[in-house]
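Engineer: Pasting start.cif below, which is mmCIF, C-alpha atoms.
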data_protein
loop_
_atom_site.label_atom_id
_atom_site.label_comp_id
_atom_site.auth_asym_id
_atom_site.auth_seq_id
_atom_site.Cartn_x
_atom_site.Cartn_y
_atom_site.Cartn_z
CA MET A 1 73.61 83.35 152.96
CA ASP A 2 73.57 82.28 149.34
CA PHE A 3 75.27 78.92 148.85
CA LYS A 4 74.57 78.54 145.17
CA PHE A 5 78.25 79.06 144.45
CA LEU A 6 79.15 76.22 146.84
CA ILE A 7 76.66 73.90 145.14
CA PHE A 8 77.81 74.86 141.65
CA PHE A 9 81.49 74.47 142.47
CA THR A 10 80.94 71.14 144.21
CA VAL A 11 79.06 69.67 141.24
CA PHE A 12 81.54 71.08 138.73
CA ALA A 13 84.53 69.92 140.73
CA ILE A 14 83.37 66.34 141.07
CA PHE A 15 83.06 65.93 137.34
CA SER A 16 86.33 67.64 136.56
CA VAL A 17 88.93 65.27 135.10
CA ASN A 18 92.01 66.88 136.55
CA GLY A 19 91.52 65.19 139.86
CA PHE A 20 94.14 63.79 142.16
CA GLY A 21 93.81 61.13 144.76
CA GLN A 22 95.79 58.37 146.29
CA CYS A 23 98.16 57.03 143.69
CA CYS A 24 99.41 53.69 142.72
CA SER A 25 100.60 51.83 145.81
CA ALA A 26 99.82 48.45 147.27
CA GLY A 27 96.78 48.01 149.48
CA ASN A 28 93.51 49.82 150.00
CA PRO A 29 93.07 53.49 149.06
CA LEU A 30 94.08 55.85 151.86
CA GLY A 31 92.05 58.20 153.94
CA SER A 32 88.42 58.51 154.99
CA ASN A 33 85.52 56.95 153.07
CA GLY A 34 83.67 60.27 153.33
CA ILE A 35 81.60 59.46 156.43
CA ASN A 36 83.21 60.52 159.69
CA ASP A 37 80.36 61.16 162.06
CA GLY A 38 79.26 58.82 164.83
CA LEU A 39 76.37 56.38 164.96
CA PRO A 40 73.58 56.36 167.54
CA VAL A 41 73.54 53.36 169.87
CA LYS A 42 72.29 50.10 168.34
CA GLU A 43 72.29 51.57 164.86
CA TRP A 44 73.92 49.74 161.96
CA GLN A 45 75.49 51.33 158.93
CA PHE A 46 76.13 49.34 155.74
CA LEU A 47 78.23 51.04 153.10
CA THR A 48 79.60 49.95 149.77
CA SER A 49 81.87 52.09 147.61
CA TYR A 50 83.22 51.84 144.12
CA LYS A 51 86.36 53.80 143.27
CA HIS A 52 88.12 54.28 139.96
CA SER A 53 91.55 55.87 139.94
CA LEU A 54 93.88 56.74 137.05
CA SER A 55 97.55 57.73 137.30
CA LYS A 56 99.48 58.80 134.25
CA GLU A 57 101.73 61.67 135.25
CA TYR A 58 105.22 61.30 136.59
CA PHE A 59 106.34 64.24 138.69
CA HIS A 60 109.70 65.44 139.92
CA LYS A 61 109.19 67.88 142.79
CA ASP A 62 106.33 70.08 141.57
CA HIS A 63 106.49 69.61 137.82
CA GLN A 64 105.59 66.88 135.37
CA ILE A 65 108.29 64.88 133.58
CA GLU A 66 108.33 62.29 130.81
CA VAL A 67 109.45 58.74 131.53
CA PRO A 68 109.78 55.67 129.33
CA LEU A 69 108.12 52.27 129.60
CA VAL A 70 105.07 53.04 131.73
CA GLU A 71 102.16 54.82 130.04
CA LYS A 72 99.64 54.77 132.88
CA SER A 73 98.30 52.85 135.82
CA TYR A 74 94.74 52.48 137.08
CA TYR A 75 92.55 50.48 139.39
CA ASP A 76 88.90 49.68 140.09
CA TYR A 77 88.15 49.02 143.71
CA GLN A 78 85.06 47.99 145.63
CA SER A 79 84.77 48.15 149.39
CA LEU A 80 82.21 46.99 151.88
CA SER A 81 82.01 48.30 155.41
CA VAL A 82 79.76 47.64 158.37
CA ALA A 83 79.53 49.87 161.41
CA TYR A 84 77.57 49.52 164.64
CA GLY A 85 76.82 51.82 167.52
CA ILE A 86 77.70 49.66 170.50
CA LEU A 87 77.21 52.34 173.11
CA LYS A 88 76.21 55.99 173.09
CA TRP A 89 79.88 56.86 173.12
CA MET A 90 81.41 54.04 171.09
CA ASN A 91 81.06 52.74 167.52
CA VAL A 92 82.93 49.92 165.84
CA SER A 93 83.40 49.33 162.13
CA ALA A 94 85.05 46.92 159.75
CA GLU A 95 85.91 47.37 156.11
CA ILE A 96 87.25 45.08 153.41
CA GLY A 97 87.95 45.80 149.79
CA TYR A 98 88.46 44.00 146.50
CA PHE A 99 90.41 45.17 143.50
CA TYR A 100 88.64 44.17 140.33
CA ASN A 101 91.89 45.13 138.66
CA LYS A 102 95.14 46.99 139.26
CA ILE A 103 96.73 47.54 135.88
CA GLN A 104 99.91 49.08 134.61
CA ILE A 105 99.81 49.88 130.89
CA LEU A 106 103.21 49.78 129.21
CA GLU A 107 104.36 51.80 126.27
CA PRO A 108 103.91 50.18 122.84
CA GLY A 109 106.72 47.91 121.74
CA GLN A 110 107.27 46.20 125.09
CA ALA A 111 107.25 42.46 125.67
CA THR A 112 103.68 42.80 126.95
CA ASP A 113 101.00 45.49 126.84
CA GLU A 114 100.17 45.48 130.51
CA ILE A 115 100.84 44.05 133.94
CA ARG A 116 97.73 43.36 135.97
CA ALA A 117 96.60 41.96 139.26
CA HIS A 118 93.36 41.58 141.15
CA GLY A 119 92.24 40.32 144.52
CA LEU A 120 91.31 41.02 148.07
CA GLY A 121 92.76 44.10 149.73
CA ASP A 122 93.32 44.77 153.41
CA LEU A 123 90.88 44.42 156.31
CA GLY A 124 90.28 47.60 158.29
CA ILE A 125 88.93 47.60 161.82
CA ASN A 126 88.12 50.86 163.55
CA ILE A 127 86.71 51.99 166.88
CA ARG A 128 85.23 55.46 167.35
CA PHE A 129 84.77 57.17 170.67
CA LEU A 130 82.60 60.16 171.47
CA PRO A 131 84.35 61.24 174.67
CA PHE A 132 82.28 64.26 175.58
CA LYS A 133 78.71 63.45 176.49
CA ASN A 134 77.76 67.01 177.23
CA LEU A 135 78.37 68.55 173.84
CA ARG A 136 75.42 70.31 172.33
CA ARG A 137 73.31 68.18 170.03
CA THR A 138 74.55 70.19 167.09
CA SER A 139 78.21 69.23 167.48
CA GLN A 140 80.33 66.09 167.55
CA PHE A 141 83.86 65.30 168.64
CA ILE A 142 85.06 61.84 167.69
CA VAL A 143 88.33 60.08 168.45
CA SER A 144 89.08 56.99 166.39
CA GLY A 145 91.70 54.30 166.32
CA GLY A 146 92.12 51.35 164.07
CA VAL A 147 94.25 48.85 162.25
CA ARG A 148 94.54 47.65 158.69
CA ILE A 149 95.42 44.01 158.43
CA PRO A 150 96.99 42.64 155.24
CA VAL A 151 94.69 39.69 154.63
CA GLY A 152 94.70 39.87 150.86
CA ALA A 153 97.02 38.79 148.10
CA PHE A 154 100.60 40.01 148.14
CA ASP A 155 102.12 37.51 145.74
CA GLU A 156 100.05 37.82 142.58
CA GLN A 157 101.80 36.38 139.53
CA ILE A 158 101.47 36.45 135.76
CA ASP A 159 102.99 33.46 133.94
CA GLY A 160 105.06 32.61 137.00
CA VAL A 161 106.40 36.17 137.42
CA THR A 162 105.45 38.08 140.57
CA VAL A 163 103.89 41.45 139.73
CA PRO A 164 105.41 44.63 141.20
CA VAL A 165 104.58 45.52 144.80
CA SER A 166 102.69 48.64 143.71
CA LEU A 167 100.18 46.45 141.84
CA GLN A 168 99.60 43.96 144.63
CA PRO A 169 96.06 44.14 146.06
CA SER A 170 97.26 44.00 149.64
CA SER A 171 99.77 46.41 151.15
CA GLY A 172 101.48 43.50 152.91
CA ALA A 173 101.91 45.64 156.02
CA LEU A 174 100.05 45.93 159.29
CA LYS A 175 99.06 49.58 159.68
CA ILE A 176 97.85 51.49 162.71
CA ASN A 177 95.83 54.70 162.42
CA ALA A 178 94.26 57.32 164.64
CA SER A 179 91.98 60.21 163.80
CA LEU A 180 90.12 63.16 165.27
CA TYR A 181 86.88 64.56 163.89
CA TYR A 182 84.96 67.63 164.98
CA SER A 183 81.83 69.11 163.46
CA ILE A 184 79.35 71.79 164.43
CA GLN A 185 76.03 72.66 162.84
CA THR A 186 74.01 75.83 162.79
CA SER A 187 70.79 75.74 164.78
CA ASN A 188 68.68 75.41 161.59
CA ARG A 189 70.96 72.48 160.48
CA LYS A 190 71.56 74.06 157.09
CA LEU A 191 75.27 74.52 157.53
CA LEU A 192 77.92 72.30 159.05
CA VAL A 193 81.62 72.98 159.55
CA ASN A 194 83.98 70.05 160.11
CA SER A 195 87.64 69.33 160.77
CA PHE A 196 89.38 66.01 160.41
CA ALA A 197 92.88 64.74 161.15
CA LEU A 198 94.20 61.27 160.39
CA CYS A 199 97.62 59.73 160.91
CA GLU A 200 98.78 56.25 159.94
CA TYR A 201 101.89 54.29 160.82
CA SER A 202 103.02 51.23 158.92
CA ASN A 203 104.89 48.29 160.35
CA THR A 204 107.86 46.91 158.50
CA ILE A 205 107.15 44.17 155.99
CA LYS A 206 109.55 41.27 156.30
CA GLU A 207 108.71 38.75 153.63
CA GLY A 208 111.62 36.82 152.22
CA TYR A 209 113.97 39.26 150.53
CA PHE A 210 111.41 42.06 150.76
CA ILE A 211 112.04 44.25 153.79
CA TYR A 212 110.08 47.47 153.48
CA GLN A 213 108.35 50.11 155.55
CA TYR A 214 105.90 52.58 154.02
CA GLY A 215 106.31 56.17 155.14
CA ASP A 216 104.06 57.67 157.80
CA PHE A 217 100.87 59.31 156.54
CA LEU A 218 99.10 62.42 157.78
CA GLN A 219 95.89 63.97 156.49
CA LEU A 220 94.39 67.23 157.69
CA SER A 221 91.14 68.54 156.31
CA SER A 222 88.53 71.12 157.01
CA GLY A 223 85.24 71.59 155.23
CA LEU A 224 81.89 73.18 154.85
CA GLN A 225 78.66 71.26 154.29
CA TYR A 226 75.44 72.80 153.06
CA ASN A 227 72.21 70.87 153.49
CA LEU A 228 70.02 72.13 150.68
CA ASN A 229 67.03 70.11 151.88
CA LYS A 230 66.40 66.72 153.45
CA HIS A 231 67.61 65.02 150.28
CA PHE A 232 70.64 66.96 149.05
CA ALA A 233 73.83 67.85 150.88
CA PHE A 234 76.93 69.46 149.36
CA LEU A 235 80.30 69.29 151.02
CA LEU A 236 83.58 70.95 150.16
CA ASN A 237 86.76 70.00 152.02
CA LEU A 238 90.24 71.41 151.82
CA LYS A 239 92.81 68.70 152.48
CA TYR A 240 96.52 68.56 153.19
CA GLU A 241 98.29 65.20 152.90
CA TRP A 242 101.85 64.44 153.90
CA ARG A 243 103.52 61.13 153.17
CA GLY A 244 106.89 60.38 154.76
CA GLN A 245 109.61 58.60 152.87
CA ASP A 246 109.65 54.81 152.68
CA GLN A 247 112.49 52.67 153.99
CA ARG A 248 113.85 49.48 152.49
CA GLU A 249 116.33 46.95 153.85
CA ASN A 250 119.17 48.21 156.12
CA GLN A 251 116.88 51.20 156.90
CA GLU A 252 117.86 52.73 153.58
CA ILE A 253 115.64 55.65 152.63
CA VAL A 254 113.83 55.26 149.30
CA GLU A 255 114.75 58.53 147.63
CA SER A 256 111.74 58.66 145.28
CA SER A 257 109.08 58.48 147.97
CA GLY A 258 107.29 60.96 150.16
CA SER A 259 105.09 63.87 149.14
CA HIS A 260 103.11 66.96 150.12
CA LEU A 261 99.67 67.47 148.61
CA ILE A 262 96.93 70.06 148.94
CA LEU A 263 93.59 69.00 147.54
CA ILE A 264 90.01 70.08 147.29
CA ASN A 265 87.51 67.32 148.01
CA PRO A 266 83.94 67.93 146.85
CA GLN A 267 81.10 65.60 147.84
CA ILE A 268 77.44 65.37 146.93
CA THR A 269 75.08 63.28 149.01
CA TYR A 270 71.53 62.39 148.11
CA ASN A 271 69.27 60.86 150.77
CA PHE A 272 66.42 58.69 149.53
CA ASN A 273 63.19 58.45 151.46
CA GLN A 274 63.73 54.85 152.60
CA GLY A 275 66.94 55.58 154.52
CA TRP A 276 69.34 54.89 151.66
CA SER A 277 71.94 57.48 150.68
CA ILE A 278 74.24 57.83 147.73
CA MET A 279 77.41 59.86 147.72
CA LEU A 280 79.71 61.05 144.94
CA LEU A 281 83.14 62.38 145.76
CA SER A 282 86.40 63.26 144.12
CA ASP A 283 89.81 64.77 144.89
CA LEU A 284 91.31 67.73 143.03
CA PRO A 285 94.90 68.95 143.42
CA VAL A 286 95.67 72.50 144.25
CA TYR A 287 99.34 71.84 144.88
CA LYS A 288 101.52 68.75 144.79
CA TYR A 289 105.18 68.21 145.58
CA VAL A 290 106.88 64.81 145.40
CA ILE A 291 110.37 63.83 146.48
CA GLY A 292 112.37 62.31 143.63
CA GLU A 293 110.39 60.99 140.66
CA GLN A 294 107.00 59.44 141.31
CA LEU A 295 103.87 58.47 139.44
CA THR A 296 101.05 60.75 140.53
CA ASN A 297 97.32 60.40 140.32
CA THR A 298 95.38 62.07 137.51
CA TYR A 299 91.90 61.59 138.90
CA ALA A 300 89.92 59.48 141.30
CA VAL A 301 86.16 59.28 141.56
CA GLN A 302 84.14 57.39 144.08
CA CYS A 303 80.50 56.46 144.40
CA SER A 304 79.14 55.17 147.71
CA LEU A 305 75.82 53.71 148.67
CA TYR A 306 74.91 53.35 152.31
CA LYS A 307 72.05 52.75 154.66
CA ARG A 308 71.57 53.12 158.37
CA ILE A 309 69.26 50.74 160.16
CA HIS A 310 68.06 50.70 163.73
CA PHE A 311 66.97 47.25 164.79
CA MET B 1 87.00 -2.59 165.32
CA LYS B 2 90.02 -1.13 167.09
CA ILE B 3 92.34 -2.05 164.19
CA ASN B 4 89.99 -0.50 161.60
CA PHE B 5 89.80 2.77 163.55
CA SER B 6 93.58 2.90 163.85
CA LEU B 7 93.93 2.24 160.13
CA ILE B 8 91.50 5.05 159.31
CA LEU B 9 93.35 7.42 161.62
CA LEU B 10 96.65 6.49 160.00
CA LEU B 11 95.24 7.03 156.51
CA VAL B 12 93.87 10.43 157.50
CA PHE B 13 97.23 11.39 158.98
CA ILE B 14 99.08 10.26 155.84
CA PHE B 15 96.64 12.15 153.63
CA PHE B 16 97.14 15.47 155.40
CA ALA B 17 100.84 14.93 155.86
CA CYS B 18 101.42 14.29 152.18
CA ASN B 19 98.91 16.79 150.75
CA LYS B 20 101.35 19.72 150.41
CA GLU B 21 101.48 20.34 146.65
CA ASP B 22 103.02 23.78 147.07
CA ASP B 23 105.70 22.80 149.57
CA LYS B 24 108.20 20.93 147.41
CA PRO B 25 111.46 20.27 149.22
CA ASP B 26 114.63 21.89 148.00
CA VAL B 27 116.84 19.27 146.45
CA ASN B 28 120.44 18.99 145.43
CA PRO B 29 121.10 19.43 141.73
CA THR B 30 120.87 16.31 139.63
CA ASP B 31 120.11 15.67 135.97
CA LYS B 32 116.45 15.38 136.96
CA LEU B 33 116.40 18.91 138.35
CA ALA B 34 119.18 21.49 138.27
CA LEU B 35 119.39 25.28 138.05
CA ASP B 36 122.88 25.87 136.73
CA SER B 37 122.86 29.66 136.62
CA LEU B 38 120.94 32.90 136.27
CA VAL B 39 122.53 35.18 133.72
CA ALA B 40 121.67 38.87 133.43
CA THR B 41 122.64 40.93 130.38
CA LYS B 42 123.90 43.59 132.81
CA LYS B 43 124.23 43.68 136.58
CA HIS B 44 124.64 47.43 136.96
CA ILE B 45 121.87 49.51 135.37
CA VAL B 46 120.09 52.84 135.70
CA THR B 47 116.38 53.45 136.25
CA TRP B 48 114.15 52.50 133.31
CA GLU B 49 116.95 50.53 131.66
CA GLU B 50 115.70 47.12 130.52
CA ILE B 51 117.73 43.94 130.85
CA THR B 52 116.96 40.27 130.40
CA ILE B 53 117.68 37.57 132.91
CA LYS B 54 117.80 33.98 131.75
CA ALA B 55 117.66 30.80 133.78
CA TYR B 56 119.78 27.87 132.63
CA ALA B 57 118.15 24.77 134.04
CA ARG B 58 118.07 21.02 133.41
CA GLY B 59 115.28 18.52 133.93
CA GLU B 60 111.89 17.62 132.59
CA ASN B 61 108.53 19.27 133.08
CA LEU B 62 110.16 22.30 134.62
CA LYS B 63 108.09 25.10 136.11
CA PHE B 64 109.71 28.50 136.58
CA GLU B 65 108.72 31.13 139.13
CA TRP B 66 110.33 34.55 139.29
CA TYR B 67 110.40 37.01 142.15
CA THR B 68 112.08 40.34 142.84
CA ASN B 69 112.06 42.51 145.95
CA HIS B 70 112.22 45.76 143.95
CA GLY B 71 111.49 46.45 140.30
CA SER B 72 109.26 45.07 137.59
CA MET B 73 109.49 41.93 135.50
CA VAL B 74 107.56 40.43 132.62
CA ALA B 75 108.07 36.99 131.16
CA GLN B 76 109.56 36.83 127.68
CA ASP B 77 109.37 33.06 127.72
CA SER B 78 109.42 30.46 130.49
CA VAL B 79 113.19 30.79 131.08
CA THR B 80 113.68 34.52 130.45
CA VAL B 81 112.31 37.66 132.08
CA LEU B 82 112.61 41.30 131.15
CA TYR B 83 113.54 43.41 134.20
CA TRP B 84 113.53 47.14 134.85
CA ALA B 85 113.33 49.44 137.86
CA CYS B 86 111.54 52.75 138.37
CA PRO B 87 113.06 55.52 140.53
CA SER B 88 111.52 54.21 143.75
CA CYS B 89 113.39 50.93 143.22
CA GLU B 90 116.95 52.28 143.12
CA GLY B 91 119.45 50.22 145.08
CA LEU B 92 120.82 46.68 145.15
CA ASN B 93 117.90 44.45 144.16
CA ILE B 94 117.48 40.70 144.25
CA ILE B 95 115.92 38.58 141.53
CA GLU B 96 115.14 35.01 142.48
CA CYS B 97 114.18 32.16 140.21
CA THR B 98 112.71 28.90 141.52
CA VAL B 99 112.61 25.89 139.25
CA SER B 100 110.47 22.94 140.20
CA ASN B 101 109.18 19.62 138.94
CA GLU B 102 108.00 16.37 140.48
CA PHE B 103 111.41 15.84 142.07
CA GLY B 104 111.36 19.05 144.12
CA SER B 105 112.42 22.66 143.69
CA ILE B 106 115.67 24.60 143.52
CA SER B 107 116.34 28.35 143.64
CA ASP B 108 119.04 30.80 142.71
CA THR B 109 119.40 34.56 142.90
CA VAL B 110 121.11 37.34 141.00
CA MET B 111 121.77 40.86 142.30
CA ILE B 112 121.17 43.92 140.14
CA GLN B 113 122.44 47.37 141.15
CA VAL B 114 120.05 50.14 140.00
CA ASP B 115 121.34 53.70 140.01
CA PRO B 116 119.54 56.99 139.30
CA GLU B 117 119.27 57.81 135.63
CA HIS B 118 120.30 61.42 135.98
CA GLY B 119 122.31 61.24 139.21
CA LEU B 120 119.47 62.69 141.31
#
Do you think you could lay out the structure here as structure tokens?
Structural biologist:
Amino acid sequence: MDFKFLIFFTVFAIFSVNGFGQCCSAGNPLGSNGINDGLPVKEWQFLTSYKHSLSKEYFHKDHQIEVPLVEKSYYDYQSLSVAYGILKWMNVSAEIGYFYNKIQILEPGQATDEIRAHGLGDLGINIRFLPFKNLRRTSQFIVSGGVRIPVGAFDEQIDGVTVPVSLQPSSGALKINASLYYSIQTSNRKLLVNSFALCEYSNTIKEGYFIYQYGDFLQLSSGLQYNLNKHFAFLLNLKYEWRGQDQRENQEIVESSGSHLILINPQITYNFNQGWSIMLLSDLPVYKYVIGEQLTNTYAVQCSLYKRIHF
Amino acid sequence: MKINFSLILLLVFIFFACNKEDDKPDVNPTDKLALDSLVATKKHIVTWEEITIKAYARGENLKFEWYTNHGSMVAQDSVTVLYWACPSCEGLNIIECTVSNEFGSISDTVMIQVDPEHGL
């Protein structure tokens, strides 16, 4: 089968500027870091990722609208994660991130040009289980569960004024997530098909006058990976993301919250000879629908560097 | 020896007990520190509408801190902030100002009702 089209589309799609990813909310970016498979026992994985995201389009339902005051919002985020294969059927991982900046650019003529914050994001801890020992060596089924703990800053200020919640590095909320991952490879290991499902629930934040609960999150994706050779791999995922509506004090629904998104997620991985790998990925919208009026993401690109070591 | 050890222990205790720079006690208003009022140009606005909120305070070496549970603020000067709310911040929102100096801190709040711009 000729996969040149898959390779071409993946490369083109990553460098396209009409991308869409997780928008402008407090805390770490949502979803998978691009690596969902399990680790062999006693193997370590060290991964660092840099992500840049820009949001400059306000949407009402499925069309763009113009709003005053806010021109755009963007962030630069770096994460570090460590994973370890404790047992043949269990891995554990931890991830922490740092926002170099989270910036909201205001329209000209305002009292200030921008509102910005920076700082430590949330701490993620995850456990992965491989429950079926008898699967063929070419397939994996992984069940994961984890938490995200708001260890970072949630009260960043500029000149004594607390910045908006959406610009705070930490989400401020304890979040619980669970995911399922299944993949199967062809016998020659050239082609791999995968499916992934993730759901996340957020606890209510109760901090002074701020009582808030982020909406539930669900991500479903399915993809095709082509291993060109031992160095290059190309992956194309189709994703669906649903975000439930947020609630504020007195369990009042936040009308302008919640969304449905369909995205294409291309990834390119290059494996160096010494065990290092580099990955480029992006998210592209095929369809987006938001409830009320919300700022949506224009593009997000991510570059990851990782290495697996067996001591 | 015993007296010296007790004295050291007492000094350590006093040091940690008193070393709470960020935990100034709330005080009653006096001429040394008072927050008389928070005045907003409007208390009922729509999304994206900008208002100013000004703190009228008395005292010396005053430090102002502003907080809101929903919406955005930027400082115009130390006693005034510009406030607005995007669509996800519609509702009855609280803006709090805390004024502090070496005599303690004092806070006050103002409520701002934010409605949809187009009646969504």
Engineer: Please, which residues of chain A lie no more than 7 Å from chain B when the count uses all atoms listed in the file, and can they be set out as a list in words?
Structural biologist: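 For chain A, the answer reads Pro68, Ala111, Asp159, Gly160, Val161, Thr162, Val163, Pro164, Tyr209, Phe210, Val254, Glu255, Ser256, Ser257 and Glu293 of chain A.
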Engineer: What gap, in Å, lies between atom CA of A:Phe132 and atom CA of A:Val92?
Structural biologist: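 Here the two named atoms are 17.3 Å from each other.
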Engineer: Which residues, protein or nucleic acid, reach to within 10 Å of (74.7, 71.8, 159.6) in the file's coordinates when using all atoms listed in the file, and can you give that as a PyMOL selection string?
Structural biologist: chain A and resi 138-139+183-194+224-227+233
Engineer: Using all atoms listed in the file, which protein or nucleic acid residues come within 8 Å of B:Asp36? Drop anything in the same chain fewer than 2 positions from it, and give the result as a compact mmCIF listing (two decimals) with C-alpha atoms, in the coordinates of the input.
Structural biologist:
# COMPACT_ATOMS: atom_id res chain seq x y z
CA ALA B 34 119.18 21.49 138.27
CA LEU B 38 120.94 32.90 136.27
CA ALA B 55 117.66 30.80 133.78
CA TYR B 56 119.78 27.87 132.63
CA ALA B 57 118.15 24.77 134.04
CA ARG B 58 118.07 21.02 133.41
Engineer: Could you list, as a JSON list (two decimals) with C-alpha atoms, in the coordinates of the input, every residue matched by the PyMOL selection byres ((chain A and resi 222) around 8) in this structure?
Structural biologist:
[["chain", "number", "residue", "atom", "x", "y", "z"],
["A", 193, "VAL", "CA", 81.62, 72.98, 159.55],
["A", 194, "ASN", "CA", 83.98, 70.05, 160.11],
["A", 195, "SER", "CA", 87.64, 69.33, 160.77],
["A", 196, "PHE", "CA", 89.38, 66.01, 160.41],
["A", 220, "LEU", "CA", 94.39, 67.23, 157.69],
["A", 221, "SER", "CA", 91.14, 68.54, 156.31],
["A", 223, "GLY", "CA", 85.24, 71.59, 155.23],
["A", 224, "LEU", "CA", 81.89, 73.18, 154.85],
["A", 237, "ASN", "CA", 86.76, 70.00, 152.02],
["A", 238, "LEU", "CA", 90.24, 71.41, 151.82],
["A", 239, "LYS", "CA", 92.81, 68.70, 152.48]]
Engineer: Expand the PyMOL selection byres ((chain B and resi 105) around 6) into the explicit residue set it covers here, and present it as JSON, numbers by chain.
Structural biologist: {"B": [24, 26, 99, 100, 104, 106]}
Engineer: Around all the atoms of stretch 157-175 of chain A listed in the file, draw an axis-aligned box and extend it by 3 Å on each of the six sides; I want its centre and edge lengths in Å to one decimal, as JSON.
Structural biologist:
{"center_x": 101.2, "center_y": 41.1, "center_z": 146.8, "size_x": 16.3, "size_y": 23.0, "size_z": 31.7}
Engineer: Just give me the gap between atom CA of A:Leu198 and atom CA of A:Gln245 in Å, one decimal is fine.
Structural biologist: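 Computed distance, atom CA of A:Leu198 to atom CA of A:Gln245, equals 17.4 Å.
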Engineer: Hey, can you pull every residue with an atom no more than 9 Å from (102.1, 43.8, 134.7), using only C-alpha atoms, and send it as a list in words?
Structural biologist: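 Applying the cut-off with only C-alpha atoms, one gets Lys102, Ile103, Gln104, Ile105, Leu106, Thr112, Asp113, Glu114, Ile115, Arg116, Ala117, Gln157, Ile158, Thr162, Val163, Pro164 and Leu167 of chain A; Ser72, Met73 and Val74 of chain B.
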Engineer: Suppose a student applies the PyMOL selection byres ((chain A and resi 217) around 7) to this structure; what residues should they get, written as a ChimeraX atom specification?
Structural biologist: /A:199-201,215-216,218-219,242-244
Engineer: Mind pulling up the distance from atom CA of A:Asn265 to atom CA of A:Val286?
Structural biologist: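 Here the two named atoms are 10.4 Å from each other.
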Engineer: Taking all atoms listed in the file into account, which of A:Val290, A:Ile262, A:Leu80, A:Ile309 comes nearest A:Lys42?
Structural biologist: A:Ile309
Engineer: Do a neighbour search on B:Glu60 at 9 Å with all atoms listed in the file, toss out local chain neighbours closer than 2 positions, and write the hits as a PyMOL selection string.
Structural biologist: chain B and resi 32-33+58+62+101-102
